[in-house]
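Peer 1: Handing over query18.cif, mmCIF, C-alpha atoms.
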```cif
data_my_file
loop_
_atom_site.group_PDB
_atom_site.id
_atom_site.type_symbol
_atom_site.label_atom_id
_atom_site.label_comp_id
_atom_site.auth_asym_id
_atom_site.auth_seq_id
_atom_site.Cartn_x
_atom_site.Cartn_y
_atom_site.Cartn_z
ATOM 1 C CA MET W 1127 70.709 -36.254 40.382
ATOM 2 C CA VAL W 1128 71.342 -33.244 38.217
ATOM 3 C CA VAL W 1129 74.456 -32.566 36.198
ATOM 4 C CA ALA W 1130 74.965 -29.195 34.491
ATOM 5 C CA PHE W 1131 76.875 -28.856 31.251
ATOM 6 C CA VAL W 1132 78.052 -25.450 30.086
ATOM 7 C CA ALA W 1133 77.672 -25.359 26.315
ATOM 8 C CA ILE W 1134 81.020 -23.742 25.630
ATOM 9 C CA ALA W 1135 83.074 -26.938 25.459
ATOM 10 C CA LYS W 1136 84.647 -27.526 22.078
ATOM 11 C CA SER W 1137 83.998 -30.772 20.281
ATOM 12 C CA VAL W 1138 86.585 -33.546 20.156
ATOM 13 C CA GLY W 1139 87.152 -32.763 16.510
ATOM 14 C CA GLN W 1140 87.922 -29.147 17.327
ATOM 15 C CA GLN W 1141 90.483 -30.119 19.945
ATOM 16 C CA CYS W 1142 92.196 -32.923 18.057
ATOM 17 C CA LEU W 1143 91.737 -31.914 14.438
ATOM 18 C CA LYS W 1144 91.854 -28.715 12.424
ATOM 19 C CA ARG W 1145 88.245 -27.822 11.738
ATOM 20 C CA SER W 1146 85.868 -24.952 12.182
ATOM 21 C CA LYS W 1147 82.274 -24.848 13.373
ATOM 22 C CA PRO W 1148 79.810 -25.044 10.474
ATOM 23 C CA TYR W 1149 77.829 -21.979 11.490
ATOM 24 C CA SER W 1150 78.103 -19.111 13.894
ATOM 25 C CA ASN W 1151 76.489 -19.452 17.308
ATOM 26 C CA SER W 1152 74.500 -16.309 16.477
ATOM 27 C CA TYR W 1153 71.801 -18.684 15.249
ATOM 28 C CA PHE W 1154 71.612 -20.143 18.736
ATOM 29 C CA SER W 1155 71.962 -17.190 21.108
ATOM 30 C CA GLY W 1156 70.478 -17.489 24.563
ATOM 31 C CA TYR W 1157 71.338 -21.146 25.108
ATOM 32 C CA GLY W 1158 74.591 -20.861 27.061
ATOM 33 C CA VAL W 1159 73.871 -23.407 29.783
ATOM 34 C CA GLN W 1160 72.237 -26.778 29.251
ATOM 35 C CA THR W 1161 70.732 -28.799 32.129
ATOM 36 C CA TRP W 1162 70.555 -32.591 32.047
ATOM 37 C CA LYS W 1163 68.673 -34.943 34.361
ATOM 38 C CA PHE W 1164 68.869 -38.677 34.837
ATOM 39 C CA GLN W 1165 65.668 -40.246 33.559
ATOM 40 C CA SER W 1166 67.016 -43.679 34.435
ATOM 41 C CA HIS W 1167 70.363 -45.406 34.524
ATOM 42 C CA ARG W 1168 70.064 -45.714 30.765
ATOM 43 C CA THR W 1169 69.504 -42.150 29.544
ATOM 44 C CA LEU W 1170 70.044 -38.485 30.263
ATOM 45 C CA ILE W 1171 67.461 -35.910 29.185
ATOM 46 C CA LEU W 1172 68.212 -32.401 27.980
ATOM 47 C CA GLN W 1173 65.684 -29.957 29.355
ATOM 48 C CA SER W 1174 64.963 -28.250 26.040
ATOM 49 C CA ALA W 1175 63.623 -24.796 25.302
ATOM 50 C CA SER W 1176 60.587 -26.656 23.935
ATOM 51 C CA GLU W 1177 58.534 -29.455 25.456
ATOM 52 C CA SER W 1178 58.183 -30.773 21.891
ATOM 53 C CA VAL W 1179 61.857 -31.687 21.530
ATOM 54 C CA LYS W 1180 63.770 -33.997 23.851
ATOM 55 C CA LEU W 1181 67.448 -34.887 23.653
ATOM 56 C CA GLU W 1182 68.525 -38.159 25.231
ATOM 57 C CA ARG W 1183 72.031 -39.431 25.733
ATOM 58 C CA LEU W 1184 72.183 -43.207 25.872
ATOM 59 C CA SER W 1185 74.547 -44.708 28.415
ATOM 60 C CA ASP W 1186 76.212 -48.000 29.371
ATOM 61 C CA SER W 1187 77.190 -49.911 26.216
ATOM 62 C CA ASP W 1188 75.405 -47.290 24.083
ATOM 63 C CA SER W 1189 77.413 -44.364 25.449
ATOM 64 C CA GLY W 1190 78.207 -42.066 22.540
ATOM 65 C CA ILE W 1191 74.748 -42.334 20.959
ATOM 66 C CA LEU W 1192 72.449 -39.310 21.243
ATOM 67 C CA GLU W 1193 68.774 -39.237 20.289
ATOM 68 C CA VAL W 1194 66.540 -36.285 19.468
ATOM 69 C CA LYS W 1195 62.862 -37.142 19.953
ATOM 70 C CA LEU W 1196 60.052 -35.121 18.377
ATOM 71 C CA ASP W 1197 57.023 -35.036 20.665
ATOM 72 C CA ARG W 1198 54.146 -32.774 19.625
ATOM 73 C CA PRO W 1199 51.285 -35.227 19.129
ATOM 74 C CA GLU W 1200 48.503 -32.648 19.008
ATOM 75 C CA ALA W 1201 49.996 -31.156 15.829
ATOM 76 C CA ARG W 1202 51.552 -34.290 14.296
ATOM 77 C CA ASN W 1203 54.991 -32.865 15.153
ATOM 78 C CA ALA W 1204 54.395 -29.825 12.936
ATOM 79 C CA ILE W 1205 57.212 -27.318 13.392
ATOM 80 C CA GLY W 1206 56.140 -24.028 14.931
ATOM 81 C CA LYS W 1207 58.232 -21.329 16.567
ATOM 82 C CA ASP W 1208 58.459 -23.168 19.875
ATOM 83 C CA MET W 1209 59.501 -26.476 18.342
ATOM 84 C CA LEU W 1210 62.024 -24.729 16.098
ATOM 85 C CA ARG W 1211 63.652 -23.173 19.165
ATOM 86 C CA GLY W 1212 63.866 -26.630 20.694
ATOM 87 C CA LEU W 1213 65.457 -28.110 17.569
ATOM 88 C CA ARG W 1214 68.026 -25.306 17.418
ATOM 89 C CA GLN W 1215 68.970 -25.810 21.051
ATOM 90 C CA ALA W 1216 69.147 -29.593 20.726
ATOM 91 C CA PHE W 1217 71.422 -29.505 17.665
ATOM 92 C CA GLU W 1218 73.734 -27.005 19.337
ATOM 93 C CA ALA W 1219 73.921 -29.208 22.423
ATOM 94 C CA VAL W 1220 74.866 -32.162 20.202
ATOM 95 C CA SER W 1221 77.588 -30.097 18.531
ATOM 96 C CA ASN W 1222 79.036 -29.170 21.929
ATOM 97 C CA GLU W 1223 78.849 -32.667 23.418
ATOM 98 C CA ARG W 1224 82.400 -34.047 23.351
ATOM 99 C CA SER W 1225 81.369 -37.675 23.894
ATOM 100 C CA ALA W 1226 78.867 -37.785 20.996
ATOM 101 C CA ASN W 1227 79.647 -40.232 18.188
ATOM 102 C CA VAL W 1228 76.302 -40.555 16.398
ATOM 103 C CA LEU W 1229 72.872 -38.879 16.502
ATOM 104 C CA MET W 1230 69.441 -40.389 15.842
ATOM 105 C CA ILE W 1231 66.329 -38.290 15.150
ATOM 106 C CA CYS W 1232 63.085 -40.106 15.932
ATOM 107 C CA SER W 1233 59.472 -39.393 16.831
ATOM 108 C CA SER W 1234 57.622 -40.259 20.015
ATOM 109 C CA VAL W 1235 54.307 -39.872 18.162
ATOM 110 C CA PRO W 1236 52.962 -43.084 16.574
ATOM 111 C CA LYS W 1237 52.773 -43.103 12.758
ATOM 112 C CA VAL W 1238 54.199 -39.577 12.535
ATOM 113 C CA PHE W 1239 57.727 -38.340 11.930
ATOM 114 C CA CYS W 1240 56.968 -34.697 11.178
ATOM 115 C CA ALA W 1241 54.085 -33.111 9.259
ATOM 116 C CA GLY W 1242 56.189 -30.111 8.210
ATOM 117 C CA ALA W 1243 55.663 -26.499 9.174
ATOM 118 C CA ASP W 1244 52.760 -25.539 11.441
ATOM 119 C CA LEU W 1245 50.447 -23.953 8.854
ATOM 120 C CA LYS W 1246 47.882 -22.891 11.460
ATOM 121 C CA GLU W 1247 50.562 -20.823 13.145
ATOM 122 C CA ARG W 1248 51.829 -19.647 9.747
ATOM 123 C CA LYS W 1249 48.430 -18.086 8.989
ATOM 124 C CA THR W 1250 48.839 -15.754 11.978
ATOM 125 C CA MET W 1251 52.272 -14.470 10.872
ATOM 126 C CA ILE W 1252 52.952 -11.263 9.008
ATOM 127 C CA LEU W 1253 55.253 -11.406 5.988
ATOM 128 C CA SER W 1254 58.425 -10.488 7.887
ATOM 129 C CA GLU W 1255 57.718 -13.197 10.472
ATOM 130 C CA VAL W 1256 57.314 -15.802 7.720
ATOM 131 C CA GLN W 1257 60.621 -14.723 6.203
ATOM 132 C CA ASP W 1258 62.396 -14.936 9.556
ATOM 133 C CA PHE W 1259 60.863 -18.325 10.366
ATOM 134 C CA VAL W 1260 61.780 -19.940 7.033
ATOM 135 C CA SER W 1261 65.292 -18.458 7.162
ATOM 136 C CA THR W 1262 65.824 -19.835 10.667
ATOM 137 C CA LEU W 1263 64.382 -23.222 9.670
ATOM 138 C CA ARG W 1264 66.769 -23.363 6.705
ATOM 139 C CA SER W 1265 69.799 -22.426 8.822
ATOM 140 C CA THR W 1266 68.801 -24.947 11.509
ATOM 141 C CA PHE W 1267 68.692 -27.802 8.995
ATOM 142 C CA SER W 1268 71.996 -26.644 7.501
ATOM 143 C CA TYR W 1269 73.469 -26.738 11.005
ATOM 144 C CA LEU W 1270 72.129 -30.280 11.427
ATOM 145 C CA GLU W 1271 73.633 -31.300 8.093
ATOM 146 C CA ALA W 1272 77.029 -29.863 9.079
ATOM 147 C CA LEU W 1273 77.260 -31.597 12.471
ATOM 148 C CA HIS W 1274 80.618 -33.332 12.720
ATOM 149 C CA ILE W 1275 79.096 -36.709 13.701
ATOM 150 C CA PRO W 1276 76.981 -39.127 11.626
ATOM 151 C CA THR W 1277 73.235 -38.481 11.836
ATOM 152 C CA ILE W 1278 70.357 -40.914 11.251
ATOM 153 C CA ALA W 1279 66.664 -40.111 10.704
ATOM 154 C CA ALA W 1280 64.188 -42.850 11.675
ATOM 155 C CA ILE W 1281 60.964 -42.165 9.749
ATOM 156 C CA GLU W 1282 57.667 -43.793 10.740
ATOM 157 C CA GLY W 1283 54.447 -42.509 9.195
ATOM 158 C CA ILE W 1284 54.303 -39.076 7.604
ATOM 159 C CA ALA W 1285 57.334 -36.933 6.764
ATOM 160 C CA LEU W 1286 56.083 -34.025 4.688
ATOM 161 C CA GLY W 1287 57.507 -30.632 3.745
ATOM 162 C CA GLY W 1288 59.869 -29.469 6.462
ATOM 163 C CA GLY W 1289 59.711 -32.921 8.045
ATOM 164 C CA LEU W 1290 61.227 -34.500 4.952
ATOM 165 C CA GLU W 1291 63.670 -31.593 4.619
ATOM 166 C CA MET W 1292 64.906 -32.319 8.151
ATOM 167 C CA ALA W 1293 65.323 -36.008 7.335
ATOM 168 C CA MET W 1294 67.213 -35.151 4.135
ATOM 169 C CA SER W 1295 69.613 -33.056 6.232
ATOM 170 C CA CYS W 1296 70.693 -36.259 7.986
ATOM 171 C CA ASP W 1297 73.424 -38.532 6.665
ATOM 172 C CA ILE W 1298 71.283 -41.684 6.675
ATOM 173 C CA ARG W 1299 67.513 -42.194 6.458
ATOM 174 C CA ILE W 1300 65.558 -45.258 7.551
ATOM 175 C CA CYS W 1301 61.800 -45.596 7.083
ATOM 176 C CA GLY W 1302 59.027 -48.024 7.860
ATOM 177 C CA GLU W 1303 57.099 -49.552 4.971
ATOM 178 C CA ASP W 1304 54.018 -47.468 5.777
ATOM 179 C CA ALA W 1305 55.926 -44.174 5.758
ATOM 180 C CA VAL W 1306 54.558 -41.397 3.557
ATOM 181 C CA MET W 1307 56.978 -38.732 2.332
ATOM 182 C CA GLY W 1308 56.633 -35.721 0.099
ATOM 183 C CA LEU W 1309 57.229 -32.039 -0.585
ATOM 184 C CA PRO W 1310 53.707 -30.668 -1.175
ATOM 185 C CA GLU W 1311 54.614 -26.966 -1.175
ATOM 186 C CA THR W 1312 53.727 -26.245 -4.819
ATOM 187 C CA GLY W 1313 50.135 -27.085 -3.929
ATOM 188 C CA LEU W 1314 50.268 -24.090 -1.552
ATOM 189 C CA ALA W 1315 51.717 -21.851 -4.273
ATOM 190 C CA ILE W 1316 55.212 -21.851 -2.704
ATOM 191 C CA ILE W 1317 58.313 -24.040 -3.030
ATOM 192 C CA PRO W 1318 60.269 -26.031 -0.456
ATOM 193 C CA GLY W 1319 62.221 -23.372 1.430
ATOM 194 C CA ALA W 1320 64.367 -25.266 3.927
ATOM 195 C CA GLY W 1321 66.644 -27.113 1.525
ATOM 196 C CA GLY W 1322 64.222 -29.376 -0.320
ATOM 197 C CA THR W 1323 64.994 -28.099 -3.829
ATOM 198 C CA GLN W 1324 68.709 -28.624 -3.224
ATOM 199 C CA ARG W 1325 68.992 -31.803 -1.167
ATOM 200 C CA LEU W 1326 66.347 -33.881 -2.968
ATOM 201 C CA PRO W 1327 68.010 -33.765 -6.421
ATOM 202 C CA ARG W 1328 71.357 -34.545 -4.811
ATOM 203 C CA LEU W 1329 69.822 -37.701 -3.374
ATOM 204 C CA VAL W 1330 67.537 -38.952 -6.156
ATOM 205 C CA GLY W 1331 68.658 -37.056 -9.257
ATOM 206 C CA LYS W 1332 67.305 -33.941 -10.944
ATOM 207 C CA SER W 1333 64.562 -35.566 -13.013
ATOM 208 C CA ILE W 1334 62.963 -37.514 -10.151
ATOM 209 C CA ALA W 1335 63.248 -34.502 -7.847
ATOM 210 C CA LYS W 1336 61.400 -32.345 -10.371
ATOM 211 C CA ASP W 1337 58.649 -34.943 -10.645
ATOM 212 C CA ILE W 1338 58.216 -35.067 -6.860
ATOM 213 C CA ILE W 1339 58.306 -31.293 -6.332
ATOM 214 C CA PHE W 1340 56.279 -30.265 -9.405
ATOM 215 C CA THR W 1341 53.451 -32.706 -8.601
ATOM 216 C CA GLY W 1342 53.721 -32.561 -4.806
ATOM 217 C CA ARG W 1343 52.906 -36.279 -4.821
ATOM 218 C CA LYS W 1344 53.382 -38.525 -1.820
ATOM 219 C CA ILE W 1345 55.967 -41.310 -1.839
ATOM 220 C CA SER W 1346 55.592 -44.629 -0.044
ATOM 221 C CA GLY W 1347 58.368 -46.116 2.057
ATOM 222 C CA LYS W 1348 59.094 -48.804 -0.529
ATOM 223 C CA ASP W 1349 59.232 -46.279 -3.369
ATOM 224 C CA ALA W 1350 61.519 -44.059 -1.293
ATOM 225 C CA GLY W 1351 63.892 -46.985 -0.970
ATOM 226 C CA SER W 1352 63.820 -47.768 -4.681
ATOM 227 C CA ILE W 1353 64.711 -44.198 -5.726
ATOM 228 C CA GLY W 1354 67.431 -43.754 -3.094
ATOM 229 C CA LEU W 1355 65.593 -41.258 -0.902
ATOM 230 C CA VAL W 1356 66.107 -43.571 2.082
ATOM 231 C CA ASN W 1357 68.911 -46.008 2.800
ATOM 232 C CA TYR W 1358 66.725 -48.695 4.380
ATOM 233 C CA CYS W 1359 63.007 -49.507 4.255
ATOM 234 C CA VAL W 1360 62.015 -51.866 7.071
ATOM 235 C CA PRO W 1361 58.714 -53.335 8.341
ATOM 236 C CA ALA W 1362 56.392 -50.719 9.837
ATOM 237 C CA GLY W 1363 57.288 -49.851 13.405
ATOM 238 C CA GLU W 1364 60.890 -51.018 13.139
ATOM 239 C CA ALA W 1365 62.621 -47.884 11.828
ATOM 240 C CA ARG W 1366 63.946 -46.821 15.230
ATOM 241 C CA LEU W 1367 65.191 -50.339 15.972
ATOM 242 C CA LYS W 1368 67.083 -50.362 12.674
ATOM 243 C CA ALA W 1369 68.433 -46.870 13.390
ATOM 244 C CA LEU W 1370 69.662 -48.011 16.806
ATOM 245 C CA GLU W 1371 71.262 -51.094 15.277
ATOM 246 C CA LEU W 1372 73.080 -48.909 12.765
ATOM 247 C CA ALA W 1373 74.034 -46.340 15.432
ATOM 248 C CA ARG W 1374 75.526 -49.101 17.586
ATOM 249 C CA ASP W 1375 77.597 -50.325 14.650
ATOM 250 C CA ILE W 1376 78.838 -46.793 13.912
ATOM 251 C CA ASN W 1377 79.503 -46.172 17.614
ATOM 252 C CA LEU W 1378 82.145 -48.927 17.615
ATOM 253 C CA LYS W 1379 84.267 -47.135 15.028
ATOM 254 C CA GLY W 1380 86.984 -44.559 15.606
ATOM 255 C CA PRO W 1381 85.290 -41.235 16.492
ATOM 256 C CA LEU W 1382 87.920 -39.096 14.784
ATOM 257 C CA ALA W 1383 87.803 -41.313 11.691
ATOM 258 C CA LEU W 1384 84.026 -40.859 11.491
ATOM 259 C CA ARG W 1385 84.408 -37.087 11.599
ATOM 260 C CA MET W 1386 87.089 -37.053 8.926
ATOM 261 C CA ALA W 1387 85.171 -39.503 6.717
ATOM 262 C CA LYS W 1388 82.087 -37.275 6.890
ATOM 263 C CA ARG W 1389 84.136 -34.192 6.057
ATOM 264 C CA ALA W 1390 85.879 -35.899 3.136
ATOM 265 C CA ILE W 1391 82.589 -37.105 1.636
ATOM 266 C CA ASP W 1392 80.472 -33.998 2.224
ATOM 267 C CA GLN W 1393 83.057 -31.525 0.993
ATOM 268 C CA GLY W 1394 84.551 -33.821 -1.641
ATOM 269 C CA VAL W 1395 81.361 -34.296 -3.640
ATOM 270 C CA GLU W 1396 81.128 -30.528 -4.146
ATOM 271 C CA VAL W 1397 84.500 -30.260 -5.933
ATOM 272 C CA ASP W 1398 86.286 -31.956 -8.835
ATOM 273 C CA THR W 1399 87.902 -35.352 -8.289
ATOM 274 C CA GLU W 1400 91.459 -34.011 -8.070
ATOM 275 C CA SER W 1401 90.483 -31.516 -5.385
ATOM 276 C CA GLY W 1402 88.480 -34.218 -3.629
ATOM 277 C CA LEU W 1403 91.487 -36.514 -3.513
ATOM 278 C CA ALA W 1404 93.585 -33.720 -2.010
ATOM 279 C CA LEU W 1405 90.876 -33.213 0.620
ATOM 280 C CA GLU W 1406 90.810 -36.950 1.327
ATOM 281 C CA TRP W 1407 94.569 -36.956 1.928
ATOM 282 C CA ASP W 1408 94.299 -33.954 4.236
ATOM 283 C CA CYS W 1409 91.671 -35.793 6.285
ATOM 284 C CA TYR W 1410 93.703 -39.012 6.276
ATOM 285 C CA GLU W 1411 96.873 -37.233 7.306
ATOM 286 C CA GLN W 1412 95.191 -35.714 10.351
ATOM 287 C CA LEU W 1413 94.454 -39.223 11.635
ATOM 288 C CA LEU W 1414 98.008 -40.545 11.416
ATOM 289 C CA ASP W 1415 99.262 -39.052 14.670
ATOM 290 C CA THR W 1416 96.368 -40.185 16.864
ATOM 291 C CA LYS W 1417 96.181 -42.629 19.755
ATOM 292 C CA ASP W 1418 93.112 -44.216 18.191
ATOM 293 C CA ARG W 1419 95.045 -45.246 15.066
ATOM 294 C CA LEU W 1420 97.661 -46.991 17.192
ATOM 295 C CA GLU W 1421 94.921 -48.611 19.286
ATOM 296 C CA GLY W 1422 93.289 -49.946 16.122
ATOM 297 C CA LEU W 1423 96.536 -51.560 14.977
ATOM 298 C CA ALA W 1424 97.220 -52.999 18.437
ATOM 299 C CA ALA W 1425 93.703 -54.421 18.730
ATOM 300 C CA PHE W 1426 94.000 -56.034 15.298
ATOM 301 C CA ALA W 1427 97.320 -57.639 16.220
ATOM 302 C CA GLU W 1428 95.979 -58.840 19.582
ATOM 303 C CA ARG W 1429 92.673 -60.053 18.094
ATOM 304 C CA ARG W 1430 90.499 -57.998 20.422
ATOM 305 C CA LYS W 1431 87.971 -55.198 20.075
ATOM 306 C CA PRO W 1432 89.543 -51.753 19.963
ATOM 307 C CA GLN W 1433 88.803 -49.257 22.742
ATOM 308 C CA TYR W 1434 88.700 -45.909 20.972
ATOM 309 C CA LYS W 1435 88.731 -42.687 22.991
ATOM 310 C CA GLY W 1436 88.602 -40.034 20.277
ATOM 311 C CA GLU W 1437 92.247 -39.087 20.830
#
```
Once you've parsed the file, please lay out its structure as structure tokens.
Peer 2:
Amino acid sequence: MVVAFVAIAKSVGQQCLKRSKPYSNSYFSGYGVQTWKFQSHRTLILQSASESVKLERLSDSDSGILEVKLDRPEARNAIGKDMLRGLRQAFEAVSNERSANVLMICSSVPKVFCAGADLKERKTMILSEVQDFVSTLRSTFSYLEALHIPTIAAIEGIALGGGLEMAMSCDIRICGEDAVMGLPETGLAIIPGAGGTQRLPRLVGKSIAKDIIFTGRKISGKDAGSIGLVNYCVPAGEARLKALELARDINLKGPLALRMAKRAIDQGVEVDTESGLALEWDCYEQLLDTKDRLEGLAAFAERRKPQYKGE
């Protein structure tokens, strides 16, 4: 059974709330129509521009949860041009999927999240190609960061360079104890170019970020948890299970409330407190005249689980 989705549908947040898309679709030209196939009764698979990136939509009780899977075992999920195209297409499809409430990013490759950029491919590029690639990588991760739904990175094994930068673009990070993270770019006489110098200090503080970037040292899963780089550090092999547990919890909440909470937090931390409070009220006010708010009150009064519809 094949179901076609035309990727021009506006998100629930765009229809019900006053918001704008984070970035122009010019980053993602050429991906007008997305084709999905039933893999089983549990999931739908997006036929990506790249065989290295798969987008699954969970169904049944997990409807509303999407999962991007990285699958390039021969290169430890290193990001080359082909994989980058797949990531761009997958994130755009998530943005256009009206039923999406939460996104997980995981790896199908054992003991590997993402090794960073494909340096073997990088060696074959001329200067202008390197500039274009890094610019597109940066804009792709910014697009991921600005998605209107909560995003979770499940890190098992290595997450280096661009791999860690992708994880830091997510709202929540979960790692296994044997995970190894780092930004080793200074050892190659460059700096992190896809957001690492900006997102890392915002997560762990300026001093720790300088230590990690200046030395290029690797960080264990436990150390990542202690410095606040990840939200949860779990036994090795259990990061995806924890991510799914968290996604299921988030998926039960009001979809419009999740979008407004993310907007209030992400935009609020960039301004002074007074401006942040005004932003919070604007987000709160947009939720007052929604069916979901009334459903939440009714469910509380009737002592039952709410059935939110994103309306």
Peer 1: Using Å and a single decimal, report how far CA of Arg1374 in chain W sits from CA of Lys1348 in chain W.
Peer 2: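 Separation between CA of Lys1348 in chain W and CA of Arg1374 in chain W: 24.5 Å.
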Peer 1: I'd like a table as JSON lines: residues in range 1327-1399 of chain W with an atom no more than 8 Å from range 1318-1323 of chain W, each row giving the shortest atom pair and its distance in Å to one decimal, all atoms listed in the file counted, sorted by chain and rising residue number.
Peer 2:
```
{"residue": "W:Pro1327", "atom": "CA", "partner": "W:Thr1323", "partner_atom": "CA", "distance": 6.9}
{"residue": "W:Ala1335", "atom": "CA", "partner": "W:Thr1323", "partner_atom": "CA", "distance": 7.8}
{"residue": "W:Ile1339", "atom": "CA", "partner": "W:Thr1323", "partner_atom": "CA", "distance": 7.8}
```
Peer 1: Restricting the calculation to all atoms listed in the file: of W:Ala1243, W:Met1209, W:Arg1429, W:Ser1189, which residue gets closest to Glu1223 in chain W?
Peer 2: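 Ranking W:Ala1243, W:Met1209, W:Arg1429, W:Ser1189 by distance to Glu1223 in chain W, first place goes to W:Ser1189.
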Peer 1: Apply the PyMOL selection byres ((chain W and resi 1302) around 10) to the file shown and report the selected residues as a CSV table (one decimal) with C-alpha atoms, in the coordinates of the input.
Peer 2:
```csv
chain,number,residue,atom,x,y,z
W,1237,LYS,CA,52.8,-43.1,12.8
W,1280,ALA,CA,64.2,-42.8,11.7
W,1281,ILE,CA,61.0,-42.2,9.7
W,1282,GLU,CA,57.7,-43.8,10.7
W,1283,GLY,CA,54.4,-42.5,9.2
W,1300,ILE,CA,65.6,-45.3,7.6
W,1301,CYS,CA,61.8,-45.6,7.1
W,1303,GLU,CA,57.1,-49.6,5.0
W,1304,ASP,CA,54.0,-47.5,5.8
W,1305,ALA,CA,55.9,-44.2,5.8
W,1306,VAL,CA,54.6,-41.4,3.6
W,1346,SER,CA,55.6,-44.6,0.0
W,1347,GLY,CA,58.4,-46.1,2.1
W,1348,LYS,CA,59.1,-48.8,-0.5
W,1358,TYR,CA,66.7,-48.7,4.4
W,1359,CYS,CA,63.0,-49.5,4.3
W,1360,VAL,CA,62.0,-51.9,7.1
W,1361,PRO,CA,58.7,-53.3,8.3
W,1362,ALA,CA,56.4,-50.7,9.8
W,1363,GLY,CA,57.3,-49.9,13.4
W,1364,GLU,CA,60.9,-51.0,13.1
W,1365,ALA,CA,62.6,-47.9,11.8
W,1366,ARG,CA,63.9,-46.8,15.2
W,1368,LYS,CA,67.1,-50.4,12.7
```
Peer 1: State, in Å with one decimal place, the distance from CA of Asp1349 in chain W to CA of Glu1371 in chain W.
Peer 2: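 CA of Glu1371 in chain W lies 22.7 Å from CA of Asp1349 in chain W.
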Peer 1: Nearest to Gln1215 in chain W among W:Met1386, W:Ala1425, W:Val1179, W:Val1330, with distances taken over only C-alpha atoms: which residue is it?
Peer 2: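 Closest candidate: W:Val1179.
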Peer 1: I need the residue set behind the PyMOL selection byres ((chain W and resi 1409-1412) around 9) for this file; please write it as an NGL selection string.
Peer 2: :W and (1142-1144 or 1383 or 1386-1387 or 1389-1390 or 1404-1408 or 1413-1416)
Peer 1: Which residue, W:Gly1206, W:Gly1289, W:Ser1225, W:Arg1328, has the smallest gap to Lys1249 in chain W when you use all atoms listed in the file?
Peer 2: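 Ranked by minimum distance to Lys1249 in chain W, first place goes to W:Gly1206.
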Peer 1: Show me, as a PyMOL selection string, the residues that have an atom within 10 Å of Asp1418 in chain W when counting all atoms listed in the file, minus same-chain residues fewer than 2 positions from it.
Peer 2: chain W and resi 1379-1383+1413-1416+1420-1424+1432-1437
Peer 1: Taking the file above as input, evaluate the PyMOL selection byres ((chain W and resi 1201) around 12) and report the hits as a list in words.
Peer 2: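 For this structure, the PyMOL selection byres ((chain W and resi 1201) around 12) captures Ser1178, Leu1196, Asp1197, Arg1198, Pro1199, Glu1200, Arg1202, Asn1203, Ala1204, Ile1205, Gly1206, Met1209, Val1235, Val1238, Phe1239, Cys1240, Ala1241, Gly1242, Ala1243, Asp1244, Leu1245, Lys1246 and Glu1247 of chain W.
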Peer 1: What's the separation between CA of Gly1190 in chain W and CA of Asn1377 in chain W, in Å to one decimal place?
Peer 2: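 Computed distance, CA of Gly1190 in chain W to CA of Asn1377 in chain W, equals 6.5 Å.
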Peer 1: Please provide as a ChimeraX atom specification all residues within 9 Å of Phe1267 in chain W, with the sequence filter that same-chain residues fewer than 6 positions apart are discarded (counting only C-alpha atoms).
Peer 2: /W:1214,1291-1292,1294-1296,1320-1321
Peer 1: My list of candidates is W:Ile1353, W:Leu1309, W:Ile1376, W:Ile1391. Which is closest to Gly1331 in chain W when distances are computed with all atoms listed in the file?
Peer 2: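 Closest candidate: W:Ile1353.
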Peer 1: Would you mind telling me which residue in W:Leu1181, W:Ile1298, W:Phe1340, W:Leu1326 lies nearest to Leu1314 in chain W when using only C-alpha atoms?
Peer 2: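 Smallest separation from Leu1314 in chain W among the options: W:Phe1340.
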